[in-house]
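Undergrad: Just passing along the structure, written as structure tokens.
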Amino acid sequence: MGHLAGSERATLNTATAESRLLQRLDPRTRVICVLVFAVCVVALSSPLALAVALAVPATLMLVQGLPIGKTLRRMAAMDGFIIFMLVLLPFTTAGPAAFTLFGFDASTTGIWKAVEIGLTANAIILMVLVLVGTLEPGQLGHALARLRAPETLVHLMLFTVRYISVLQEEYTRLRAAMKMRGFTPKNTLHTYRSFGYLVGMLLVRAVDRSERILDAMKCRGFDGRLYLLDDLRYSKADFTFALVFSGALVVLIGLEVFSGSAV
Amino acid sequence: MALLFDLKDLRFAYSGRAPVLNGTSLTLAPGERLALIGANGAGKSTLLRLLVGLHHPQGGTITAFGRERREEADFHEVRCKAGYMFQDPDDQLFCPTVLEDIAFGPLNLGASKAEAVAIAEEILSNLHLSHLRDAITYKLSGGEKRLVALASVLAMKPEVLLLDEPTNDLDEANEARLLEILLGLPQAMIVISHNAGFRDQLATRRLHLKDGILKEA
Ligand SMILES: Nc1ncnc2c1ncn2[C@@H]1O[C@H](COP(=O)(O)OP(=O)(O)OP(=O)(O)O)[C@@H](O)[C@H]1O
Ligand SMILES: [Mg+2]
């Protein structure tokens with residue numbers, strides 16, 4: 001949920017997005033579609049099918065007019081985590097050598113494996129960004145609750161959403177207070193000690209705050225259950241979208257089977 | 001008439017610290033608007049927390065709504081009948097949207113969704129906050145948060161209001177409106193305020209907390 005920490009616009013929505021197709025979809029439809037898509041894509045192995053799989057969320061992104069640069073940057077952030085594995089994979093997989101680098105053989109099998117993993121991961125993450133990243137975090141929480149995700153998990157998510165910004169503000173305030181007293185980070189013991197205090201203070205405050213929040217909830221009659229106000233309803237747009245989406249998945253599976261038998 | 005709150009000889013200290021309350025007694029009768037005055041750190045907020053059972057006294061008795069309250073279970077009823085507005089509204093507003101937050105209390109009290117929404121909308125329009133209905137709580141300004149926190153407390157239709165520095169963060173117009181709203185309410189209330197003008201216009205009685213003891217001011 002890295003995008004929650006974003007200050008100005010937490011979601012990838014643009015101001016005019018309200019009228020667009022995605023906004024008319026039930027949040028549940030989006031979550032389910034992402035899940036089904038992920039399961040399908042993980043099962044694919046032909047590079048052609050995977051490339052088309054990546055094209056599906058990319059097309060959705062373009063059609064919906066989401067900010068392309070911002071969306072792709074977030075996708076790249078995920079790539080940062082797997083890039084080392086992808087680069088090392090050709091050198092650690094056995095198979096016929098494609099080329100040699102510093103005396104290490106890169107195997108063809110490994111290269112294809114890396115391409116496969118890279119495409120799979122990016123296709124799924126882009127779909128998540130396009131379909132779920134455009135939801136307000138609260139909507140996502142409700143959708144999960146309605147889909148019978150464990151209550152504790154949903155509470156955790158809703159509270160994280162609510163208080164991550166409070167913690168961030170608290171961090172910013174403390175940092176500003178430090179700056180106002182002439183603090184500039186240097187490679188000194190004083191710097192490390194001060195940052196230690198900062199982190200410690202944030203943790204202590206977080207614990208304190210969580211206790212006060214529970215107190216405030218008890219004062220309003222909380223007994224361990226959260227009631228959700230909105231009634232979600234599937235509409236015609238959901239069925240249309242689900243139909244088109246399934247069509248795309250069938251094409252993907254078709255490609256996989258076809259190119260699999262052709263090889 | 002029966003007293004809403006009757007505290008006798010309360011003693012309380014946070015663990016490992018000097019006592020905060022040292023034999024504090026207090027009564028609240030229906031219709032009374034009581035102002036609690038005292039220096040920073042005198043223990044005013046602590047006293048309110050004791051009233052609703054968020055801390056338990058080490059000595060003395062708390063009688064609320066006609067019954068003595070000791071256990072955590074006794075206080076659930078007290079909390080449903082006494083609306084407590086915290087000193088920091090960020091502690092209080094935890095739902096994603098304003099409407100949900102205000103409906104939280106009524107839902108806990110057993111209202112149906114439709115009833116809870118109706119109550120929330122009524123309160124919002126009473127406080128002239130209808131434009132914030134679907135706003136995201138963490139994106140509100142400091143003053144807006146405080147007004148929404150008040151709305152969330154009023155939504156429970158409490159018999160008593162406990163307000164910890166309600167005028168903080170409010171501009172003059174909103175402070176005047178808050179005063180007007182509170183003066184128009186029939187409920188008894190205990191108000192902590194460092195704002196002399198505000199509490200002088202609001203309060204029917206003033207108590208001063210000093211050295212852990214309450215005195216008429
Ligand atoms: N959670 C806590 N643990 C330990 N000590 C505490 C805690 N909360 C408050 N205190 C101490 O208890 C004393 C009374 O605090 P309290 O918050 O009740 O004061 P207050 O009268 O509300 O002050 P203010 O006007 O500044 O809000 C203070 O000395 C404070 O340091
Ligand atoms: Mg206080």
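Quick note on naming: the chains in the structure tokens go A, B, ... in the order shown, residues restart at 1 in each chain, and ligands are numbered from 1 in order of appearance.
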Would you give me, as a list of chain:residue names, the residues in range 25-157 of chain A that DSSP reads as strand (DSSP E or B)?
TA: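 Going through range 25-157 of chain A, the strand (DSSP E or B) residues come out as A:Ala97, A:Ala98, A:Phe99, A:Thr100, A:Leu101, A:Phe104, A:Asp105, A:Ala106, A:Ser107.
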Undergrad: Please produce, as CSV, a per-residue contact table for chain B versus ligand 1 (criterion: any atom at most 9 Å away, only C-alpha atoms and all ligand atoms considered), showing the nearest atom pair and its distance in Å to one decimal, sorted by chain then residue number.
TA:
residue,atom,partner,partner_atom_place_in_ligand_line,distance
B:Ala13,CA,ligand 1,12 (O),7.7
B:Tyr14,CA,ligand 1,4 (C),5.0
B:Ser15,CA,ligand 1,4 (C),6.9
B:Gly16,CA,ligand 1,4 (C),8.2
B:Arg17,CA,ligand 1,5 (N),7.0
B:Ala18,CA,ligand 1,29 (O),8.3
B:Pro19,CA,ligand 1,12 (O),8.2
B:Val20,CA,ligand 1,13 (C),5.8
B:Leu21,CA,ligand 1,14 (C),8.7
B:Ile37,CA,ligand 1,21 (O),8.2
B:Gly38,CA,ligand 1,21 (O),6.2
B:Ala39,CA,ligand 1,25 (O),5.8
B:Asn40,CA,ligand 1,26 (O),3.5
B:Gly41,CA,ligand 1,19 (O),3.4
B:Ala42,CA,ligand 1,21 (O),3.9
B:Gly43,CA,ligand 1,18 (O),3.1
B:Lys44,CA,ligand 1,21 (O),3.7
B:Ser45,CA,ligand 1,22 (O),3.7
B:Thr46,CA,ligand 1,18 (O),3.7
B:Leu47,CA,ligand 1,18 (O),6.5
B:Leu48,CA,ligand 1,18 (O),8.2
B:Arg49,CA,ligand 1,18 (O),8.4
B:Gln87,CA,ligand 1,27 (O),7.4
B:Asp164,CA,ligand 1,27 (O),7.9
B:Glu165,CA,ligand 1,27 (O),7.9
B:Ile192,CA,ligand 1,25 (O),8.0
B:Ser193,CA,ligand 1,25 (O),8.1
B:His194,CA,ligand 1,25 (O),7.4
B:Leu209,CA,ligand 1,21 (O),8.1
Undergrad: Residues as selected, N, CA and C atoms, written as an mmCIF file, in the first residue's frame, can you do that?
TA:
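The new file again35.cif reads:
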data_model
loop_
_atom_site.group_PDB
_atom_site.id
_atom_site.type_symbol
_atom_site.label_atom_id
_atom_site.label_comp_id
_atom_site.auth_asym_id
_atom_site.auth_seq_id
_atom_site.Cartn_x
_atom_site.Cartn_y
_atom_site.Cartn_z
ATOM 1 N N ALA B 13 -3.560 8.300 40.798
ATOM 2 C CA ALA B 13 -2.199 8.651 40.368
ATOM 3 C C ALA B 13 -1.839 7.760 39.199
ATOM 4 N N TYR B 14 -1.170 8.317 38.182
ATOM 5 C CA TYR B 14 -0.603 7.470 37.127
ATOM 6 C C TYR B 14 0.537 6.683 37.749
ATOM 7 N N SER B 15 0.752 5.455 37.253
ATOM 8 C CA SER B 15 1.694 4.577 37.940
ATOM 9 C C SER B 15 3.073 5.227 38.016
ATOM 10 N N GLY B 16 3.614 5.215 39.211
ATOM 11 C CA GLY B 16 4.948 5.737 39.435
ATOM 12 C C GLY B 16 5.040 7.252 39.444
ATOM 13 N N ARG B 17 3.890 7.937 39.584
ATOM 14 C CA ARG B 17 3.948 9.398 39.589
ATOM 15 C C ARG B 17 3.184 9.968 40.772
ATOM 16 N N ALA B 18 3.396 11.240 41.004
ATOM 17 C CA ALA B 18 2.693 11.888 42.112
ATOM 18 C C ALA B 18 1.190 11.861 41.836
ATOM 19 N N PRO B 19 0.372 11.824 42.904
ATOM 20 C CA PRO B 19 -1.074 11.779 42.706
ATOM 21 C C PRO B 19 -1.575 12.978 41.892
ATOM 22 N N VAL B 20 -2.547 12.704 41.020
ATOM 23 C CA VAL B 20 -3.156 13.781 40.242
ATOM 24 C C VAL B 20 -4.425 14.253 40.954
ATOM 25 N N LEU B 21 -5.224 13.289 41.408
ATOM 26 C CA LEU B 21 -6.440 13.619 42.147
ATOM 27 C C LEU B 21 -6.268 13.157 43.588
ATOM 28 N N ILE B 37 -11.956 24.437 35.598
ATOM 29 C CA ILE B 37 -10.827 25.322 35.360
ATOM 30 C C ILE B 37 -9.620 24.745 36.106
ATOM 31 N N GLY B 38 -8.453 25.020 35.594
ATOM 32 C CA GLY B 38 -7.258 24.554 36.288
ATOM 33 C C GLY B 38 -6.055 24.725 35.394
ATOM 34 N N ALA B 39 -4.887 24.790 36.015
ATOM 35 C CA ALA B 39 -3.660 24.989 35.256
ATOM 36 C C ALA B 39 -3.412 23.800 34.341
ATOM 37 N N ASN B 40 -2.540 23.954 33.375
ATOM 38 C CA ASN B 40 -2.117 22.832 32.533
ATOM 39 C C ASN B 40 -1.535 21.754 33.425
ATOM 40 N N GLY B 41 -1.954 20.531 33.170
ATOM 41 C CA GLY B 41 -1.424 19.422 33.957
ATOM 42 C C GLY B 41 -2.073 19.277 35.322
ATOM 43 N N ALA B 42 -3.137 20.042 35.592
ATOM 44 C CA ALA B 42 -3.783 19.957 36.906
ATOM 45 C C ALA B 42 -4.559 18.649 37.052
ATOM 46 N N GLY B 43 -4.941 18.040 35.926
ATOM 47 C CA GLY B 43 -5.651 16.772 36.005
ATOM 48 C C GLY B 43 -7.088 16.836 35.518
ATOM 49 N N LYS B 44 -7.426 17.860 34.763
ATOM 50 C CA LYS B 44 -8.806 18.011 34.289
ATOM 51 C C LYS B 44 -9.189 16.890 33.321
ATOM 52 N N SER B 45 -8.332 16.667 32.331
ATOM 53 C CA SER B 45 -8.637 15.594 31.380
ATOM 54 C C SER B 45 -8.680 14.251 32.098
ATOM 55 N N THR B 46 -7.770 14.072 33.030
ATOM 56 C CA THR B 46 -7.746 12.824 33.790
ATOM 57 C C THR B 46 -9.074 12.602 34.510
ATOM 58 N N LEU B 47 -9.612 13.662 35.093
ATOM 59 C CA LEU B 47 -10.877 13.550 35.819
ATOM 60 C C LEU B 47 -11.996 13.089 34.873
ATOM 61 N N LEU B 48 -12.053 13.665 33.673
ATOM 62 C CA LEU B 48 -13.086 13.247 32.718
ATOM 63 C C LEU B 48 -12.918 11.771 32.347
ATOM 64 N N ARG B 49 -11.666 11.360 32.187
ATOM 65 C CA ARG B 49 -11.425 9.959 31.817
ATOM 66 C C ARG B 49 -11.889 9.019 32.924
ATOM 67 N N GLN B 87 -9.764 15.775 23.798
ATOM 68 C CA GLN B 87 -8.977 16.988 23.603
ATOM 69 C C GLN B 87 -8.407 17.038 22.182
ATOM 70 N N ASP B 164 -13.774 18.359 26.255
ATOM 71 C CA ASP B 164 -12.419 18.724 26.662
ATOM 72 C C ASP B 164 -11.878 19.769 25.693
ATOM 73 N N GLU B 165 -11.860 21.002 26.114
ATOM 74 C CA GLU B 165 -11.380 22.133 25.311
ATOM 75 C C GLU B 165 -12.014 22.172 23.920
ATOM 76 N N ILE B 192 -14.293 21.621 29.861
ATOM 77 C CA ILE B 192 -12.965 22.121 30.212
ATOM 78 C C ILE B 192 -12.625 23.178 29.192
ATOM 79 N N SER B 193 -12.267 24.363 29.652
ATOM 80 C CA SER B 193 -11.891 25.393 28.679
ATOM 81 C C SER B 193 -10.945 26.403 29.302
ATOM 82 N N HIS B 194 -9.917 26.745 28.549
ATOM 83 C CA HIS B 194 -9.004 27.803 28.975
ATOM 84 C C HIS B 194 -9.458 29.146 28.427
ATOM 85 N N LEU B 209 -9.797 23.192 39.754
ATOM 86 C CA LEU B 209 -9.026 22.021 40.173
ATOM 87 C C LEU B 209 -7.603 22.457 40.482
#
Undergrad: Mind pulling up the distance from CA of Arg209 in chain A to CA of Pro57 in chain B?
TA: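 Going from CA of Pro57 in chain B over to CA of Arg209 in chain A covers 21.9 Å.
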Undergrad: Counting only C-alpha atoms, which residues of chain A come no farther than 8 Å from chain B, as number ranges by chain?
TA: A: 138, 158-159, 161-163, 165-166, 209, 212-213, 215-223, 226-229
Undergrad: For the residues in the current selection, export N, CA, C and O atoms as an mmCIF file, in the first residue's frame.
TA:
data_model
loop_
_atom_site.group_PDB
_atom_site.id
_atom_site.type_symbol
_atom_site.label_atom_id
_atom_site.label_comp_id
_atom_site.auth_asym_id
_atom_site.auth_seq_id
_atom_site.Cartn_x
_atom_site.Cartn_y
_atom_site.Cartn_z
ATOM 1 N N GLY A 138 -10.631 3.672 1.452
ATOM 2 C CA GLY A 138 -11.816 3.285 2.208
ATOM 3 C C GLY A 138 -12.738 2.385 1.405
ATOM 4 O O GLY A 138 -13.245 1.371 1.911
ATOM 5 N N LEU A 158 -8.404 -0.431 7.294
ATOM 6 C CA LEU A 158 -9.097 0.848 7.433
ATOM 7 C C LEU A 158 -8.363 1.765 8.419
ATOM 8 O O LEU A 158 -8.236 2.956 8.189
ATOM 9 N N PHE A 159 -7.869 1.181 9.500
ATOM 10 C CA PHE A 159 -7.171 1.996 10.489
ATOM 11 C C PHE A 159 -5.824 2.482 9.955
ATOM 12 O O PHE A 159 -5.427 3.611 10.218
ATOM 13 N N VAL A 161 -5.149 3.128 6.900
ATOM 14 C CA VAL A 161 -5.466 4.215 5.983
ATOM 15 C C VAL A 161 -5.701 5.503 6.755
ATOM 16 O O VAL A 161 -5.200 6.566 6.401
ATOM 17 N N ARG A 162 -6.453 5.387 7.833
ATOM 18 C CA ARG A 162 -6.814 6.581 8.567
ATOM 19 C C ARG A 162 -5.595 7.207 9.255
ATOM 20 O O ARG A 162 -5.430 8.411 9.287
ATOM 21 N N TYR A 163 -4.746 6.383 9.812
ATOM 22 C CA TYR A 163 -3.728 6.942 10.693
ATOM 23 C C TYR A 163 -2.346 7.076 10.094
ATOM 24 O O TYR A 163 -1.468 7.687 10.688
ATOM 25 N N SER A 165 -1.586 8.862 7.674
ATOM 26 C CA SER A 165 -1.340 10.279 7.405
ATOM 27 C C SER A 165 -1.079 11.039 8.701
ATOM 28 O O SER A 165 -0.300 11.983 8.732
ATOM 29 N N VAL A 166 -1.724 10.600 9.777
ATOM 30 C CA VAL A 166 -1.477 11.241 11.068
ATOM 31 C C VAL A 166 -0.025 11.016 11.478
ATOM 32 O O VAL A 166 0.667 11.931 11.922
ATOM 33 N N ARG A 209 -1.347 6.812 20.816
ATOM 34 C CA ARG A 209 -2.508 7.219 20.038
ATOM 35 C C ARG A 209 -3.462 6.054 19.848
ATOM 36 O O ARG A 209 -4.671 6.208 19.966
ATOM 37 N N ARG A 212 -5.558 5.777 22.814
ATOM 38 C CA ARG A 212 -6.581 6.829 22.935
ATOM 39 C C ARG A 212 -7.705 6.619 21.934
ATOM 40 O O ARG A 212 -8.865 6.896 22.218
ATOM 41 N N ILE A 213 -7.358 6.111 20.745
ATOM 42 C CA ILE A 213 -8.401 5.861 19.745
ATOM 43 C C ILE A 213 -9.360 4.792 20.248
ATOM 44 O O ILE A 213 -10.582 4.925 20.172
ATOM 45 N N ASP A 215 -9.983 4.092 23.277
ATOM 46 C CA ASP A 215 -10.774 4.738 24.327
ATOM 47 C C ASP A 215 -11.926 5.526 23.717
ATOM 48 O O ASP A 215 -13.071 5.429 24.158
ATOM 49 N N ALA A 216 -11.593 6.321 22.697
ATOM 50 C CA ALA A 216 -12.628 7.153 22.067
ATOM 51 C C ALA A 216 -13.716 6.277 21.463
ATOM 52 O O ALA A 216 -14.899 6.598 21.514
ATOM 53 N N MET A 217 -13.303 5.127 20.912
ATOM 54 C CA MET A 217 -14.295 4.227 20.318
ATOM 55 C C MET A 217 -15.184 3.638 21.388
ATOM 56 O O MET A 217 -16.403 3.521 21.225
ATOM 57 N N LYS A 218 -14.564 3.253 22.513
ATOM 58 C CA LYS A 218 -15.357 2.706 23.619
ATOM 59 C C LYS A 218 -16.364 3.724 24.095
ATOM 60 O O LYS A 218 -17.495 3.393 24.446
ATOM 61 N N CYS A 219 -15.952 5.002 24.136
ATOM 62 C CA CYS A 219 -16.855 6.056 24.589
ATOM 63 C C CYS A 219 -18.054 6.190 23.666
ATOM 64 O O CYS A 219 -19.042 6.794 24.021
ATOM 65 N N ARG A 220 -17.932 5.672 22.464
ATOM 66 C CA ARG A 220 -19.091 5.732 21.586
ATOM 67 C C ARG A 220 -19.730 4.354 21.437
ATOM 68 O O ARG A 220 -20.345 4.040 20.427
ATOM 69 N N GLY A 221 -19.541 3.538 22.451
ATOM 70 C CA GLY A 221 -20.282 2.283 22.504
ATOM 71 C C GLY A 221 -19.701 1.160 21.668
ATOM 72 O O GLY A 221 -20.393 0.187 21.369
ATOM 73 N N PHE A 222 -18.428 1.245 21.300
ATOM 74 C CA PHE A 222 -17.797 0.201 20.484
ATOM 75 C C PHE A 222 -17.709 -1.106 21.264
ATOM 76 O O PHE A 222 -17.345 -1.114 22.435
ATOM 77 N N ASP A 223 -18.097 -2.231 20.605
ATOM 78 C CA ASP A 223 -17.977 -3.506 21.311
ATOM 79 C C ASP A 223 -17.302 -4.551 20.418
ATOM 80 O O ASP A 223 -17.602 -5.734 20.489
ATOM 81 N N LEU A 226 -17.509 -3.491 13.739
ATOM 82 C CA LEU A 226 -17.661 -2.280 12.933
ATOM 83 C C LEU A 226 -18.809 -2.516 11.964
ATOM 84 O O LEU A 226 -18.886 -3.556 11.329
ATOM 85 N N TYR A 227 -19.700 -1.546 11.878
ATOM 86 C CA TYR A 227 -20.795 -1.659 10.928
ATOM 87 C C TYR A 227 -20.450 -0.829 9.705
ATOM 88 O O TYR A 227 -19.960 0.280 9.821
ATOM 89 N N LEU A 228 -20.703 -1.369 8.539
ATOM 90 C CA LEU A 228 -20.424 -0.618 7.317
ATOM 91 C C LEU A 228 -21.715 0.003 6.815
ATOM 92 O O LEU A 228 -22.765 -0.634 6.815
ATOM 93 N N LEU A 229 -21.605 1.250 6.407
ATOM 94 C CA LEU A 229 -22.822 1.991 6.058
ATOM 95 C C LEU A 229 -23.335 1.722 4.651
ATOM 96 O O LEU A 229 -24.515 1.577 4.427
#
Undergrad: Could you name the residues that touch Leu48 in chain A at 10 Å or less, counting only C-alpha atoms, but leaving out those on the same chain fewer than 5 positions away, as a PyMOL selection string?
TA: chain A and resi 53-54+116+252+255-256+259-260
Undergrad: Would you mind exporting N, CA and C atoms of the selected residues as a CSV table (one decimal), in the first residue's frame?
TA:
chain,number,residue,atom,x,y,z
A,53,ALA,N,-0.9,-10.2,-22.2
A,53,ALA,CA,-1.5,-10.0,-20.9
A,53,ALA,C,-1.1,-8.6,-20.3
A,54,LEU,N,0.2,-8.2,-20.6
A,54,LEU,CA,0.6,-6.9,-20.2
A,54,LEU,C,-0.1,-5.8,-20.9
A,116,GLU,N,9.8,-14.2,-18.7
A,116,GLU,CA,8.5,-14.7,-18.2
A,116,GLU,C,8.1,-14.0,-16.9
A,252,LEU,N,-6.3,-14.8,-23.9
A,252,LEU,CA,-5.0,-15.0,-23.3
A,252,LEU,C,-4.7,-16.5,-23.3
A,255,LEU,N,-4.2,-18.0,-26.7
A,255,LEU,CA,-2.8,-17.7,-27.1
A,255,LEU,C,-1.8,-18.7,-26.5
A,256,GLU,N,-2.0,-18.9,-25.2
A,256,GLU,CA,-1.1,-19.8,-24.5
A,256,GLU,C,-1.1,-21.2,-25.1
A,259,SER,N,0.3,-21.1,-28.8
A,259,SER,CA,1.7,-21.0,-29.0
A,259,SER,C,2.5,-22.1,-28.3
A,260,GLY,N,1.8,-22.7,-27.3
A,260,GLY,CA,2.4,-23.8,-26.6
A,260,GLY,C,2.5,-25.0,-27.6
Undergrad: With only C-alpha atoms as the counted atoms, please give the residues lying no more than 9 Å from Lys8 in chain B, apart from itself and same-chain residues fewer than 4 positions off, as a list in words.
TA: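 The neighbour list is Gly23, Thr24, Ser25, Leu26, Thr27, Gly60, Thr61, Ile62 and Thr63 of chain B.
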Undergrad: What lies within 6 Å of range 142-157 of chain A using only C-alpha atoms, ignoring chain neighbours under 2 positions off, as a list in words?
TA: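 Those residues are Pro27, Arg28, Gln139, Leu140, Phe159 and Thr160 of chain A.
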Undergrad: If you keep N, CA and C atoms, can you produce a file of those selected residues as a PDB file, in the first residue's frame?
TA:
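Result file follows (again-v4.pdb):
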ATOM      1  N   PRO A  27     -16.677  -1.549  -6.558  1.00  0.00           N
ATOM      2  CA  PRO A  27     -15.305  -1.873  -6.132  1.00  0.00           C
ATOM      3  C   PRO A  27     -15.053  -3.381  -6.092  1.00  0.00           C
ATOM      4  N   ARG A  28     -16.094  -4.146  -5.758  1.00  0.00           N
ATOM      5  CA  ARG A  28     -15.922  -5.609  -5.682  1.00  0.00           C
ATOM      6  C   ARG A  28     -15.565  -6.184  -7.042  1.00  0.00           C
ATOM      7  N   GLN A 139     -12.911   2.730   0.116  1.00  0.00           N
ATOM      8  CA  GLN A 139     -13.752   1.902  -0.761  1.00  0.00           C
ATOM      9  C   GLN A 139     -13.196   0.491  -0.843  1.00  0.00           C
ATOM     10  N   LEU A 140     -11.868   0.419  -0.961  1.00  0.00           N
ATOM     11  CA  LEU A 140     -11.237  -0.894  -1.055  1.00  0.00           C
ATOM     12  C   LEU A 140     -11.526  -1.706   0.200  1.00  0.00           C
ATOM     13  N   PHE A 159      -7.869   1.181   9.500  1.00  0.00           N
ATOM     14  CA  PHE A 159      -7.171   1.996  10.489  1.00  0.00           C
ATOM     15  C   PHE A 159      -5.824   2.482   9.955  1.00  0.00           C
ATOM     16  N   THR A 160      -5.155   1.615   9.201  1.00  0.00           N
ATOM     17  CA  THR A 160      -3.881   2.028   8.614  1.00  0.00           C
ATOM     18  C   THR A 160      -4.106   3.232   7.718  1.00  0.00           C
TER      19      THR A 160
END
